[in-house]
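**Student:** Below is the file query-v9.pdb, with PDB, C-alpha atoms.
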```
ATOM      1  CA  MET A 220     -37.757  31.084  25.926
ATOM      2  CA  GLU A 221     -37.976  28.155  28.317
ATOM      3  CA  LEU A 222     -34.766  26.262  28.857
ATOM      4  CA  PRO A 223     -34.816  22.465  28.500
ATOM      5  CA  LYS A 224     -34.306  20.167  31.506
ATOM      6  CA  GLY A 225     -30.670  19.645  32.339
ATOM      7  CA  ILE A 226     -27.697  21.973  32.536
ATOM      8  CA  SER A 227     -27.521  24.856  30.079
ATOM      9  CA  VAL A 228     -24.376  26.921  29.754
ATOM     10  CA  CYS A 229     -22.956  29.946  28.035
ATOM     11  CA  CYS A 230     -19.588  31.680  28.274
ATOM     12  CA  GLN A 231     -19.354  35.404  27.584
ATOM     13  CA  THR A 232     -16.859  38.134  28.435
ATOM     14  CA  GLY A 233     -14.914  35.984  30.870
ATOM     15  CA  ALA A 234     -17.955  34.682  32.736
ATOM     16  CA  VAL A 235     -19.434  31.201  32.691
ATOM     17  CA  TYR A 236     -23.234  31.257  32.994
ATOM     18  CA  VAL A 237     -24.951  28.089  34.181
ATOM     19  CA  ARG A 238     -28.656  27.320  34.498
ATOM     20  CA  VAL A 239     -29.715  24.185  36.307
ATOM     21  CA  VAL A 240     -33.190  23.053  35.261
ATOM     22  CA  GLY A 241     -34.459  20.076  37.263
ATOM     23  CA  ARG A 242     -32.142  18.224  39.597
ATOM     24  CA  GLY A 243     -28.341  18.531  39.796
ATOM     25  CA  THR A 244     -26.762  15.186  40.629
ATOM     26  CA  PHE A 245     -23.586  13.163  40.255
ATOM     27  CA  GLN A 246     -24.961  12.104  36.859
ATOM     28  CA  ASN A 247     -24.943  15.573  35.326
ATOM     29  CA  GLY A 248     -22.163  16.999  37.497
ATOM     30  CA  GLN A 249     -19.485  15.526  35.231
ATOM     31  CA  PRO A 250     -20.439  17.403  32.023
ATOM     32  CA  LEU A 251     -20.694  20.661  34.009
ATOM     33  CA  ARG A 252     -17.307  20.100  35.637
ATOM     34  CA  ARG A 253     -15.699  19.446  32.237
ATOM     35  CA  TYR A 254     -17.259  22.503  30.618
ATOM     36  CA  ALA A 255     -16.460  24.907  33.452
ATOM     37  CA  LEU A 256     -12.845  23.768  33.780
ATOM     38  CA  GLU A 257     -12.362  24.087  30.026
ATOM     39  CA  MET A 258     -13.725  27.647  30.094
ATOM     40  CA  ILE A 259     -11.501  28.517  33.083
ATOM     41  CA  GLU A 260      -8.512  27.169  31.135
ATOM     42  CA  LYS A 261      -9.550  29.452  28.288
ATOM     43  CA  GLY A 262      -9.628  32.482  30.579
ATOM     44  CA  ALA A 263     -13.011  32.643  32.322
ATOM     45  CA  THR A 264     -12.638  34.378  35.704
ATOM     46  CA  GLN A 265     -16.107  34.113  37.193
ATOM     47  CA  CYS A 266     -19.130  31.859  37.217
ATOM     48  CA  ILE A 267     -22.785  32.727  37.670
ATOM     49  CA  VAL A 268     -25.137  29.849  38.444
ATOM     50  CA  ASP A 269     -28.902  30.364  38.170
ATOM     51  CA  LEU A 270     -30.645  27.917  40.502
ATOM     52  CA  GLY A 271     -34.145  29.344  39.883
ATOM     53  CA  PRO A 272     -35.418  26.298  37.990
ATOM     54  CA  CYS A 273     -33.361  23.845  40.088
ATOM     55  CA  ASP A 274     -35.451  21.280  42.018
ATOM     56  CA  GLY A 275     -32.588  20.091  44.198
ATOM     57  CA  MET A 276     -28.938  19.036  44.242
ATOM     58  CA  ASP A 277     -27.040  16.101  45.665
ATOM     59  CA  SER A 278     -23.775  16.501  47.513
ATOM     60  CA  THR A 279     -21.702  15.457  44.478
ATOM     61  CA  PHE A 280     -23.234  18.203  42.347
ATOM     62  CA  LEU A 281     -22.686  20.713  45.148
ATOM     63  CA  GLY A 282     -19.094  19.486  45.383
ATOM     64  CA  VAL A 283     -18.652  20.094  41.656
ATOM     65  CA  LEU A 284     -19.899  23.672  42.140
ATOM     66  CA  ALA A 285     -17.561  24.038  45.130
ATOM     67  CA  GLY A 286     -14.637  22.825  42.982
ATOM     68  CA  ILE A 287     -15.399  25.448  40.333
ATOM     69  CA  GLY A 288     -15.628  28.143  43.019
ATOM     70  CA  LEU A 289     -12.384  27.067  44.700
ATOM     71  CA  ARG A 290     -10.562  27.038  41.343
ATOM     72  CA  LEU A 291     -11.856  30.475  40.346
ATOM     73  CA  ASN A 292     -11.043  32.023  43.731
ATOM     74  CA  LYS A 293      -7.550  30.499  43.675
ATOM     75  CA  ASN A 294      -6.859  31.957  40.229
ATOM     76  CA  ASN A 295      -8.567  35.307  40.595
ATOM     77  CA  GLY A 296      -9.226  36.227  44.210
ATOM     78  CA  ARG A 297     -12.355  35.970  46.334
ATOM     79  CA  ASP A 298     -16.029  36.012  45.362
ATOM     80  CA  ARG A 299     -15.708  34.743  41.819
ATOM     81  CA  MET A 300     -18.643  32.348  42.093
ATOM     82  CA  ARG A 301     -22.166  33.689  42.318
ATOM     83  CA  VAL A 302     -25.368  31.707  42.730
ATOM     84  CA  ALA A 303     -28.671  33.366  42.041
ATOM     85  CA  ASN A 304     -32.399  32.741  42.457
ATOM     86  CA  VAL A 305     -31.784  30.312  45.287
ATOM     87  CA  SER A 306     -34.915  28.741  46.771
ATOM     88  CA  ASN A 307     -35.159  28.363  50.554
ATOM     89  CA  ARG A 308     -34.605  24.635  50.225
ATOM     90  CA  ASN A 309     -31.461  25.054  48.089
ATOM     91  CA  LEU A 310     -30.236  27.839  50.379
ATOM     92  CA  GLU A 311     -30.516  25.466  53.308
ATOM     93  CA  LEU A 312     -28.414  22.909  51.414
ATOM     94  CA  LEU A 313     -25.739  25.524  50.670
ATOM     95  CA  GLN A 314     -25.723  26.675  54.298
ATOM     96  CA  THR A 315     -25.583  23.124  55.640
ATOM     97  CA  LEU A 316     -22.364  22.580  53.677
ATOM     98  CA  GLY A 317     -20.901  26.026  54.405
ATOM     99  CA  LEU A 318     -20.995  26.936  50.719
ATOM    100  CA  ASP A 319     -22.785  30.195  51.501
ATOM    101  CA  ARG A 320     -19.339  31.388  52.604
ATOM    102  CA  LEU A 321     -17.621  30.282  49.388
ATOM    103  CA  PHE A 322     -20.288  31.558  46.987
ATOM    104  CA  VAL A 323     -21.880  34.967  46.735
ATOM    105  CA  ILE A 324     -25.606  34.332  47.135
ATOM    106  CA  ALA A 325     -27.473  36.825  44.977
ATOM    107  CA  ALA A 326     -31.205  37.461  45.260
ATOM    108  CA  SER A 327     -31.559  37.571  41.490
ATOM    109  CA  SER A 328     -29.257  36.876  38.581
ATOM    110  CA  PRO A 329     -27.586  39.840  36.908
ATOM    111  CA  GLU A 330     -28.433  40.593  33.332
ATOM    112  CA  GLY A 331     -27.008  37.560  31.568
ATOM    113  CA  PRO A 332     -26.896  36.343  28.003
ATOM    114  CA  ALA A 333     -30.164  35.826  26.124
ATOM    115  CA  ALA A 334     -31.708  32.378  26.582
ATOM    116  CA  ASP A 335     -31.057  31.401  22.964
ATOM    117  CA  LEU A 336     -27.307  31.794  23.507
ATOM    118  CA  PHE A 337     -27.317  28.980  26.070
ATOM    119  CA  GLN A 338     -26.501  25.454  24.971
ATOM    120  CA  ARG A 339     -27.624  22.392  26.853
ATOM    121  CA  LEU A 340     -24.769  20.154  27.922
ATOM    122  CA  PRO A 341     -25.100  16.657  26.457
ATOM    123  CA  ASP A 342     -26.305  13.981  28.914
ATOM    124  CA  SER A 343     -27.314  16.554  31.499
ATOM    125  CA  ASP A 344     -31.034  15.746  31.755
ATOM    126  CA  ILE A 345     -31.088  12.956  34.325
ATOM    127  CA  ALA A 346     -34.680  11.996  33.470
ATOM    128  CA  GLN A 347     -33.502  11.079  29.966
ATOM    129  CA  PHE A 348     -30.249   9.563  31.134
ATOM    130  CA  ASN A 349     -29.737   6.250  29.368
ATOM    131  CA  LYS A 350     -25.995   6.192  28.832
ATOM    132  CA  PRO A 351     -24.226   3.765  31.212
ATOM    133  CA  LEU A 352     -21.874   5.642  33.514
ATOM    134  CA  ASN A 353     -18.273   4.559  33.886
ATOM    135  CA  LYS A 354     -17.770   3.213  37.411
ATOM    136  CA  ASN A 355     -14.254   4.543  37.781
ATOM    137  CA  ASP A 356     -15.076   7.992  36.416
ATOM    138  CA  THR A 357     -18.062   8.214  38.752
ATOM    139  CA  ALA A 358     -16.016   7.202  41.797
ATOM    140  CA  ASP A 359     -13.299   9.734  40.845
ATOM    141  CA  LEU A 360     -15.861  12.509  40.403
ATOM    142  CA  MET A 361     -17.609  11.702  43.648
ATOM    143  CA  LEU A 362     -14.382  11.573  45.632
ATOM    144  CA  GLU A 363     -13.106  14.842  44.167
ATOM    145  CA  ALA A 364     -16.473  16.529  44.773
ATOM    146  CA  HIS A 365     -16.620  15.524  48.432
ATOM    147  CA  ASP A 366     -12.960  16.466  48.940
ATOM    148  CA  ASN A 367     -13.928  19.888  47.542
ATOM    149  CA  LEU A 368     -16.723  20.164  50.098
ATOM    150  CA  ILE A 369     -14.297  19.305  52.893
ATOM    151  CA  GLN A 370     -11.797  21.852  51.562
ATOM    152  CA  ALA A 371     -14.553  24.479  51.414
ATOM    153  CA  ASP A 372     -15.595  23.823  55.022
ATOM    154  CA  THR A 373     -13.719  21.460  57.315
ATOM    155  CA  ARG A 374     -16.947  20.737  59.238
ATOM    156  CA  ASN A 375     -17.912  18.631  56.232
ATOM    157  CA  LEU A 376     -15.193  16.133  57.105
ATOM    158  CA  ALA A 377     -17.367  14.495  59.758
ATOM    159  CA  LYS A 378     -20.348  14.392  57.393
ATOM    160  CA  PHE A 379     -18.519  12.715  54.524
ATOM    161  CA  LYS A 380     -15.807  10.718  56.281
ATOM    162  CA  ASP A 381     -17.508   7.359  55.675
ATOM    163  CA  LEU A 382     -18.193   8.137  52.037
ATOM    164  CA  THR A 383     -14.717   9.486  51.216
ATOM    165  CA  THR A 384     -13.011   6.616  53.065
ATOM    166  CA  PHE A 385     -15.067   4.132  51.064
ATOM    167  CA  LEU A 386     -14.448   5.883  47.737
ATOM    168  CA  ARG A 387     -10.724   6.409  48.363
ATOM    169  CA  ASP A 388     -10.347   2.747  49.202
ATOM    170  CA  ARG A 389     -12.252   1.831  46.034
ATOM    171  CA  VAL A 390     -10.172   4.149  43.859
ATOM    172  CA  GLU A 391      -6.894   2.886  45.328
ATOM    173  CA  LYS A 392      -7.774  -0.786  45.011
ATOM    174  CA  ARG A 393      -9.348  -0.805  41.599
ATOM    175  CA  ASP A 394      -7.881  -2.747  38.730
ATOM    176  CA  PRO A 395      -6.158  -0.642  36.124
ATOM    177  CA  GLU A 396      -8.314  -0.171  33.041
ATOM    178  CA  PRO A 397      -6.936  -1.619  29.807
ATOM    179  CA  THR A 398      -5.057   0.938  27.736
ATOM    180  CA  ALA A 399      -6.230   1.300  24.156
ATOM    181  CA  GLY A 400      -3.735  -0.034  21.618
ATOM    182  CA  LYS A 401      -1.722  -1.936  24.193
ATOM    183  CA  THR A 402      -1.513  -5.674  23.672
ATOM    184  CA  PRO A 403      -1.716  -7.930  26.717
TER
ATOM    185  CA  MET B  35     -42.594  14.216  43.879
ATOM    186  CA  LYS B  36     -43.846  12.294  46.940
ATOM    187  CA  GLU B  37     -43.218  13.867  50.322
ATOM    188  CA  PHE B  38     -40.488  12.087  52.253
ATOM    189  CA  ARG B  39     -41.895   9.828  54.942
ATOM    190  CA  ILE B  40     -40.519   7.266  57.360
ATOM    191  CA  ASP B  41     -42.671   4.494  58.801
ATOM    192  CA  GLN B  42     -41.301   1.912  61.159
ATOM    193  CA  GLU B  43     -42.540  -1.415  62.395
ATOM    194  CA  THR B  44     -40.988  -4.127  64.510
ATOM    195  CA  LYS B  45     -40.747  -7.657  63.196
ATOM    196  CA  GLY B  46     -39.232  -9.840  65.884
ATOM    197  CA  ALA B  47     -35.833  -8.397  66.684
ATOM    198  CA  ILE B  48     -35.710  -6.439  63.461
ATOM    199  CA  GLN B  49     -36.786  -2.854  62.879
ATOM    200  CA  VAL B  50     -38.284  -2.467  59.403
ATOM    201  CA  VAL B  51     -37.958   1.147  58.311
ATOM    202  CA  ARG B  52     -40.107   1.965  55.280
ATOM    203  CA  LEU B  53     -39.017   4.941  53.231
ATOM    204  CA  THR B  54     -41.233   6.943  50.896
ATOM    205  CA  GLY B  55     -40.238   9.796  48.605
ATOM    206  CA  SER B  56     -36.849  11.295  47.985
ATOM    207  CA  LEU B  57     -33.887  10.606  50.276
ATOM    208  CA  ASP B  58     -31.668  13.589  49.598
ATOM    209  CA  MET B  59     -29.514  15.887  51.701
ATOM    210  CA  TYR B  60     -32.625  17.741  52.726
ATOM    211  CA  SER B  61     -34.478  14.692  54.031
ATOM    212  CA  PHE B  62     -31.552  12.528  55.132
ATOM    213  CA  PRO B  63     -31.199  14.125  58.620
ATOM    214  CA  ARG B  64     -34.637  12.682  59.453
ATOM    215  CA  LEU B  65     -33.499   9.165  58.615
ATOM    216  CA  GLU B  66     -30.232   9.826  60.437
ATOM    217  CA  THR B  67     -32.183  10.720  63.599
ATOM    218  CA  GLN B  68     -34.340   7.619  63.227
ATOM    219  CA  LEU B  69     -31.332   5.324  62.770
ATOM    220  CA  ASN B  70     -29.466   6.913  65.684
ATOM    221  CA  THR B  71     -32.512   6.444  67.906
ATOM    222  CA  ASN B  72     -32.760   2.783  66.904
ATOM    223  CA  LEU B  73     -29.088   2.135  67.584
ATOM    224  CA  GLN B  74     -29.186   3.983  70.912
ATOM    225  CA  GLN B  75     -32.185   1.898  71.957
ATOM    226  CA  GLY B  76     -30.264  -1.276  71.194
ATOM    227  CA  HIS B  77     -32.049  -2.075  67.914
ATOM    228  CA  HIS B  78     -29.065  -3.040  65.795
ATOM    229  CA  ALA B  79     -30.865  -5.104  63.136
ATOM    230  CA  ILE B  80     -32.472  -2.692  60.716
ATOM    231  CA  LEU B  81     -34.063  -3.369  57.345
ATOM    232  CA  LEU B  82     -34.673  -0.384  55.077
ATOM    233  CA  ASP B  83     -37.627  -0.977  52.773
ATOM    234  CA  CYS B  84     -37.027   1.160  49.689
ATOM    235  CA  LYS B  85     -40.106   0.130  47.674
ATOM    236  CA  ASP B  86     -41.559   3.642  47.607
ATOM    237  CA  LEU B  87     -38.266   5.471  47.455
ATOM    238  CA  ASP B  88     -37.971   7.760  44.412
ATOM    239  CA  TYR B  89     -34.394   8.863  44.798
ATOM    240  CA  ILE B  90     -31.322   8.408  46.977
ATOM    241  CA  GLY B  91     -28.376  10.791  46.973
ATOM    242  CA  SER B  92     -24.691   9.975  47.212
ATOM    243  CA  ALA B  93     -24.264  11.470  50.686
ATOM    244  CA  GLY B  94     -27.157   9.415  52.040
ATOM    245  CA  LEU B  95     -25.649   6.230  50.695
ATOM    246  CA  GLY B  96     -22.283   7.124  52.136
ATOM    247  CA  ALA B  97     -23.775   7.760  55.549
ATOM    248  CA  LEU B  98     -25.587   4.405  55.456
ATOM    249  CA  ILE B  99     -22.179   2.706  55.305
ATOM    250  CA  GLY B 100     -21.275   4.368  58.590
ATOM    251  CA  PHE B 101     -24.538   3.292  60.215
ATOM    252  CA  ALA B 102     -24.136  -0.286  58.923
ATOM    253  CA  LYS B 103     -20.618  -0.333  60.395
ATOM    254  CA  LYS B 104     -21.906   0.811  63.800
ATOM    255  CA  ALA B 105     -24.707  -1.782  63.702
ATOM    256  CA  ARG B 106     -22.265  -4.586  62.805
ATOM    257  CA  GLU B 107     -20.017  -3.661  65.718
ATOM    258  CA  LYS B 108     -23.000  -4.500  67.943
ATOM    259  CA  GLY B 109     -23.799  -7.748  66.141
ATOM    260  CA  GLY B 110     -26.500  -6.301  63.893
ATOM    261  CA  ASP B 111     -26.587  -4.840  60.400
ATOM    262  CA  ILE B 112     -28.429  -2.445  58.136
ATOM    263  CA  LYS B 113     -29.778  -4.040  54.971
ATOM    264  CA  LEU B 114     -31.898  -2.860  52.070
ATOM    265  CA  VAL B 115     -34.916  -4.517  50.461
ATOM    266  CA  ASN B 116     -37.247  -3.809  47.523
ATOM    267  CA  VAL B 117     -34.837  -1.352  45.959
ATOM    268  CA  PRO B 118     -36.295   0.059  42.702
ATOM    269  CA  GLU B 119     -34.175  -0.857  39.681
ATOM    270  CA  ARG B 120     -33.223   2.748  38.948
ATOM    271  CA  ILE B 121     -31.888   3.209  42.495
ATOM    272  CA  TYR B 122     -30.256  -0.219  42.514
ATOM    273  CA  LYS B 123     -28.278   0.746  39.400
ATOM    274  CA  ILE B 124     -26.851   3.739  41.288
ATOM    275  CA  ILE B 125     -26.036   1.660  44.372
ATOM    276  CA  GLU B 126     -24.353  -0.964  42.214
ATOM    277  CA  LEU B 127     -22.509   1.599  40.099
ATOM    278  CA  LEU B 128     -21.015   3.216  43.172
ATOM    279  CA  GLY B 129     -19.903  -0.135  44.551
ATOM    280  CA  PHE B 130     -22.117   0.072  47.636
ATOM    281  CA  THR B 131     -23.437  -3.451  47.030
ATOM    282  CA  LYS B 132     -20.032  -4.632  48.294
ATOM    283  CA  VAL B 133     -20.688  -3.170  51.729
ATOM    284  CA  LEU B 134     -24.481  -3.069  51.989
ATOM    285  CA  GLN B 135     -26.620  -6.159  51.556
ATOM    286  CA  VAL B 136     -29.503  -5.688  49.143
ATOM    287  CA  HIS B 137     -32.422  -8.165  49.021
ATOM    288  CA  ASN B 138     -35.349  -8.508  46.630
ATOM    289  CA  ASP B 139     -37.716 -10.133  49.066
ATOM    290  CA  GLU B 140     -38.630  -9.016  52.574
ATOM    291  CA  ALA B 141     -39.006 -12.510  54.016
ATOM    292  CA  ALA B 142     -35.558 -13.498  52.746
ATOM    293  CA  ALA B 143     -34.094 -10.240  54.028
ATOM    294  CA  LEU B 144     -35.569 -10.786  57.501
ATOM    295  CA  ALA B 145     -34.325 -14.374  57.540
ATOM    296  CA  SER B 146     -30.818 -13.254  56.564
ATOM    297  CA  PHE B 147     -30.419 -11.423  59.884
ATOM    298  CA  THR B 148     -30.529 -14.711  61.771
ATOM    299  CA  ALA B 149     -28.797 -16.796  59.098
ATOM    300  CA  HIS B 150     -25.249 -15.939  60.156
TER
END
```
The structure in this file should be written as structure tokens.

**Tutor:**
Amino acid sequence: MELPKGISVCCQTGAVYVRVVGRGTFQNGQPLRRYALEMIEKGATQCIVDLGPCDGMDSTFLGVLAGIGLRLNKNNGRDRMRVANVSNRNLELLQTLGLDRLFVIAASSPEGPAADLFQRLPDSDIAQFNKPLNKNDTADLMLEAHDNLIQADTRNLAKFKDLTTFLRDRVEKRDPEPTAGKTP
Amino acid sequence: MKEFRIDQETKGAIQVVRLTGSLDMYSFPRLETQLNTNLQQGHHAILLDCKDLDYIGSAGLGALIGFAKKAREKGGDIKLVNVPERIYKIIELLGFTKVLQVHNDEAAALASFTAH
């Protein structure tokens, strides 16, 4: 069974399985982050990401993966995050950011759940993405993701200094959003 | 997906860098090299033509801020022109329009370098 474009997930026996079909970007990083953290809260101790059908990833998406890996390793010890079926191009991206030292790079994915047990995360196909993104949520996600990359490998600090400085400044200076139910 | 390509031409004191394809973490080092070469050679006024750009990643945008800052320190700037709507929405969403000038028209963009 062919998986649809976007991010498909499944959680079984303490492991989160993720398949990235198409491109992983800051637009579909948020639903993956939310799902994975919820599963970790519920007791998941490892994550297996299949990048076979993945056309490419931006640094925010890679930072989201790094955040999941850092969280799992902190809770459960080393090597809790595995990425499989990595193309040469994606491997180069992982190596450039030092994530090949945080993740276990597997040649092929272990026997995982059947394809029909996967569910596609809503709003994870960027080609069909019509929902307007929240500026503040996007800035928060992007900042956290790049901080994760820096935490994973301090050499990333030089690469993302301009971006994180800009985003941190934006996050710190932004107007507070109105609180629902609160009268002015 | 179009293969990433960089073409450059000189228009007066301005280097017009035309980008084709996808500007992601994989292709960005090539633009980085090109921009560094321009700055080292004293070309501090750079216009990035994004008409044939399919995609730009967050890291690439972030790095452009750093290059624009370096160019401004030398009296130049890095500006964008002909940005496809889909990419513009991303640039605007991330707040980069506050620190990077974006123009719709090349003639106006070129003129803006001498306007201040």

**Student:** Distance CA of Glu363 in chain A-CA of Leu69 in chain B, one decimal place?

**Tutor:**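 Calculated distance between CA of Glu363 in chain A and CA of Leu69 in chain B is 27.7 Å.
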
**Student:** Would you mind listing what lies within 8 Å of range 75-84 of chain B as an mmCIF file with C-alpha atoms, keeping the file's coordinate frame, with only C-alpha atoms counted and same-chain residues fewer than 4 positions away left out?

**Tutor:**
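Resulting contents of part-v8.cif:
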```
data_model
loop_
_atom_site.group_PDB
_atom_site.id
_atom_site.type_symbol
_atom_site.label_atom_id
_atom_site.label_comp_id
_atom_site.auth_asym_id
_atom_site.auth_seq_id
_atom_site.Cartn_x
_atom_site.Cartn_y
_atom_site.Cartn_z
ATOM 1 C CA ALA B 47 -35.833 -8.397 66.684
ATOM 2 C CA ILE B 48 -35.710 -6.439 63.461
ATOM 3 C CA GLN B 49 -36.786 -2.854 62.879
ATOM 4 C CA VAL B 50 -38.284 -2.467 59.403
ATOM 5 C CA VAL B 51 -37.958 1.147 58.311
ATOM 6 C CA ARG B 52 -40.107 1.965 55.280
ATOM 7 C CA LEU B 53 -39.017 4.941 53.231
ATOM 8 C CA THR B 54 -41.233 6.943 50.896
ATOM 9 C CA THR B 71 -32.512 6.444 67.906
ATOM 10 C CA ALA B 105 -24.707 -1.782 63.702
ATOM 11 C CA ARG B 106 -22.265 -4.586 62.805
ATOM 12 C CA LYS B 108 -23.000 -4.500 67.943
ATOM 13 C CA GLY B 109 -23.799 -7.748 66.141
ATOM 14 C CA GLY B 110 -26.500 -6.301 63.893
ATOM 15 C CA ASP B 111 -26.587 -4.840 60.400
ATOM 16 C CA ILE B 112 -28.429 -2.445 58.136
ATOM 17 C CA LYS B 113 -29.778 -4.040 54.971
ATOM 18 C CA LEU B 114 -31.898 -2.860 52.070
ATOM 19 C CA VAL B 115 -34.916 -4.517 50.461
ATOM 20 C CA ASN B 116 -37.247 -3.809 47.523
ATOM 21 C CA VAL B 117 -34.837 -1.352 45.959
ATOM 22 C CA PRO B 118 -36.295 0.059 42.702
ATOM 23 C CA ALA B 143 -34.094 -10.240 54.028
ATOM 24 C CA LEU B 144 -35.569 -10.786 57.501
ATOM 25 C CA PHE B 147 -30.419 -11.423 59.884
#
```

**Student:** Can you tell me how far CA of Phe379 in chain A sits from CA of Ile99 in chain B, in Å to one decimal?

**Tutor:**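 The value is 10.7 Å.
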
**Student:** Could you name the residues that touch range 121-134 of chain B at 9 Å or less, counting all atoms listed in the file, but leaving out those on the same chain fewer than 2 positions away, as a list in words?

**Tutor:**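 Answer for this query is Leu352, Asn353, Lys354, Asn355, Thr357, Ala358, Phe385, Leu386 and Arg389 of chain A; Leu87, Asp88, Tyr89, Ile90, Ser92, Leu95, Gly96, Leu98, Ile99, Ala102, Asp111, Ile112, Lys113, Leu114, Val117, Pro118, Glu119 and Val136 of chain B.
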
**Student:** CA of Thr244 in chain A and CA of Ser278 in chain A are how many Å apart?

**Tutor:**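 Straight-line distance from CA of Thr244 in chain A to CA of Ser278 in chain A works out to 7.6 Å.
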
**Student:** Using 8 Å of padding on each side, determine the axis-aligned box around all atoms of range 51-66 of chain B present in the file and give its centre and edge lengths in Å to one decimal, as lines of an AutoDock Vina configuration file.

**Tutor:**
```
center_x = -35.4
center_y = 9.4
center_z = 54.2
size_x = 27.7
size_y = 32.6
size_z = 28.5
```

**Student:** Restricting the calculation to only C-alpha atoms: of B:Gln74, B:Lys45, B:Met59, B:Ala145, which residue gets closest to chain A?

**Tutor:**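 The shortest atom-to-atom distance to chain A comes from B:Met59.
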
**Student:** I want to know what sits within 6 Å of Ser343 in chain A, based on all atoms listed in the file, with residues of the same chain fewer than 5 positions away left out; could you give that as a list in words?

**Tutor:**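 So, after excluding close chain neighbours, the residues are Gly225, Ile226 and Asn247 of chain A.
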
**Student:** So which one's closest to chain B, A:Asn304, A:Thr384, A:Gln370, A:Gln338? Using only C-alpha atoms, please.

**Tutor:**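 Comparing A:Asn304, A:Thr384, A:Gln370, A:Gln338 against chain B, the winner is A:Thr384.
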
**Student:** Can you work out which one of B:Lys85, B:Leu57, B:Asn72, B:Gly91 has the shortest atom-to-atom distance to Glu43 in chain B, counting all atoms listed in the file?

**Tutor:**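 Between B:Lys85, B:Leu57, B:Asn72, B:Gly91, the residue approaching Glu43 in chain B most closely is B:Asn72.
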
**Student:** For this file, the PyMOL selection byres ((chain A and resi 250) around 9) selects which residues, as JSON, numbers by chain?

**Tutor:** {"A": [226, 246, 247, 248, 249, 251, 252, 253, 254, 255, 340, 341, 342, 343]}

**Student:** Which residues come within 10 Å of Ala263 in chain A, counting only C-alpha atoms, excluding same-chain residues fewer than 6 positions away, as a ChimeraX atom specification?

**Tutor:** /A:230-235,255-257,291,295

**Student:** Would you mind telling me which residue in B:Asp58, B:Asn70, B:Gln135, B:Leu65 lies nearest to chain A when using only C-alpha atoms?

**Tutor:**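 Ranked by minimum distance to chain A, first place goes to B:Asp58.
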
**Student:** So, counting all atoms listed in the file, which residue among A:Gly282, A:Pro223, A:Gly317, A:Gly275 is closest to Leu362 in chain A?

**Tutor:**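 Selected residue with least distance to Leu362 in chain A: A:Gly282.
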
**Student:** For the file shown, report as a list in words the outcome of the PyMOL selection byres ((chain A and resi 364) around 7) at residue level.

**Tutor:**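 Evaluating the PyMOL selection byres ((chain A and resi 364) around 7) on these coordinates yields Thr279, Gly282, Val283, Gly286, Leu360, Met361, Leu362, Glu363, His365, Asp366, Asn367 and Leu368 of chain A.
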
**Student:** Could you take the residues named above and write them with C-alpha atoms, as a PDB file, in the coordinates of the input?

**Tutor:**
```pdb
ATOM      1  CA  THR A 279     -21.702  15.457  44.478  1.00  0.00           C
ATOM      2  CA  GLY A 282     -19.094  19.486  45.383  1.00  0.00           C
ATOM      3  CA  VAL A 283     -18.652  20.094  41.656  1.00  0.00           C
ATOM      4  CA  GLY A 286     -14.637  22.825  42.982  1.00  0.00           C
ATOM      5  CA  LEU A 360     -15.861  12.509  40.403  1.00  0.00           C
ATOM      6  CA  MET A 361     -17.609  11.702  43.648  1.00  0.00           C
ATOM      7  CA  LEU A 362     -14.382  11.573  45.632  1.00  0.00           C
ATOM      8  CA  GLU A 363     -13.106  14.842  44.167  1.00  0.00           C
ATOM      9  CA  HIS A 365     -16.620  15.524  48.432  1.00  0.00           C
ATOM     10  CA  ASP A 366     -12.960  16.466  48.940  1.00  0.00           C
ATOM     11  CA  ASN A 367     -13.928  19.888  47.542  1.00  0.00           C
ATOM     12  CA  LEU A 368     -16.723  20.164  50.098  1.00  0.00           C
TER      13      LEU A 368
END
```

**Student:** Restricting the calculation to only C-alpha atoms, which member of B:Leu73, B:Thr148, B:Lys104, B:Thr44 is positioned closest to chain A?

**Tutor:**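 Of the candidates, the smallest distance to chain A is held by B:Lys104.
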
**Student:** With a distance cut-off of 12 Å and all atoms listed in the file, select the neighbouring residues of Leu316 in chain A, excluding the residue or stretch itself and same-chain residues fewer than 4 positions from it, and output the selection as JSON, numbers by chain.

**Tutor:** {"A": [277, 278, 279, 281, 282, 284, 285, 309, 310, 311, 312, 320, 321, 322, 365, 367, 368, 369, 370, 371, 372, 373, 374, 375, 376, 377, 378, 379], "B": [59, 60, 93]}
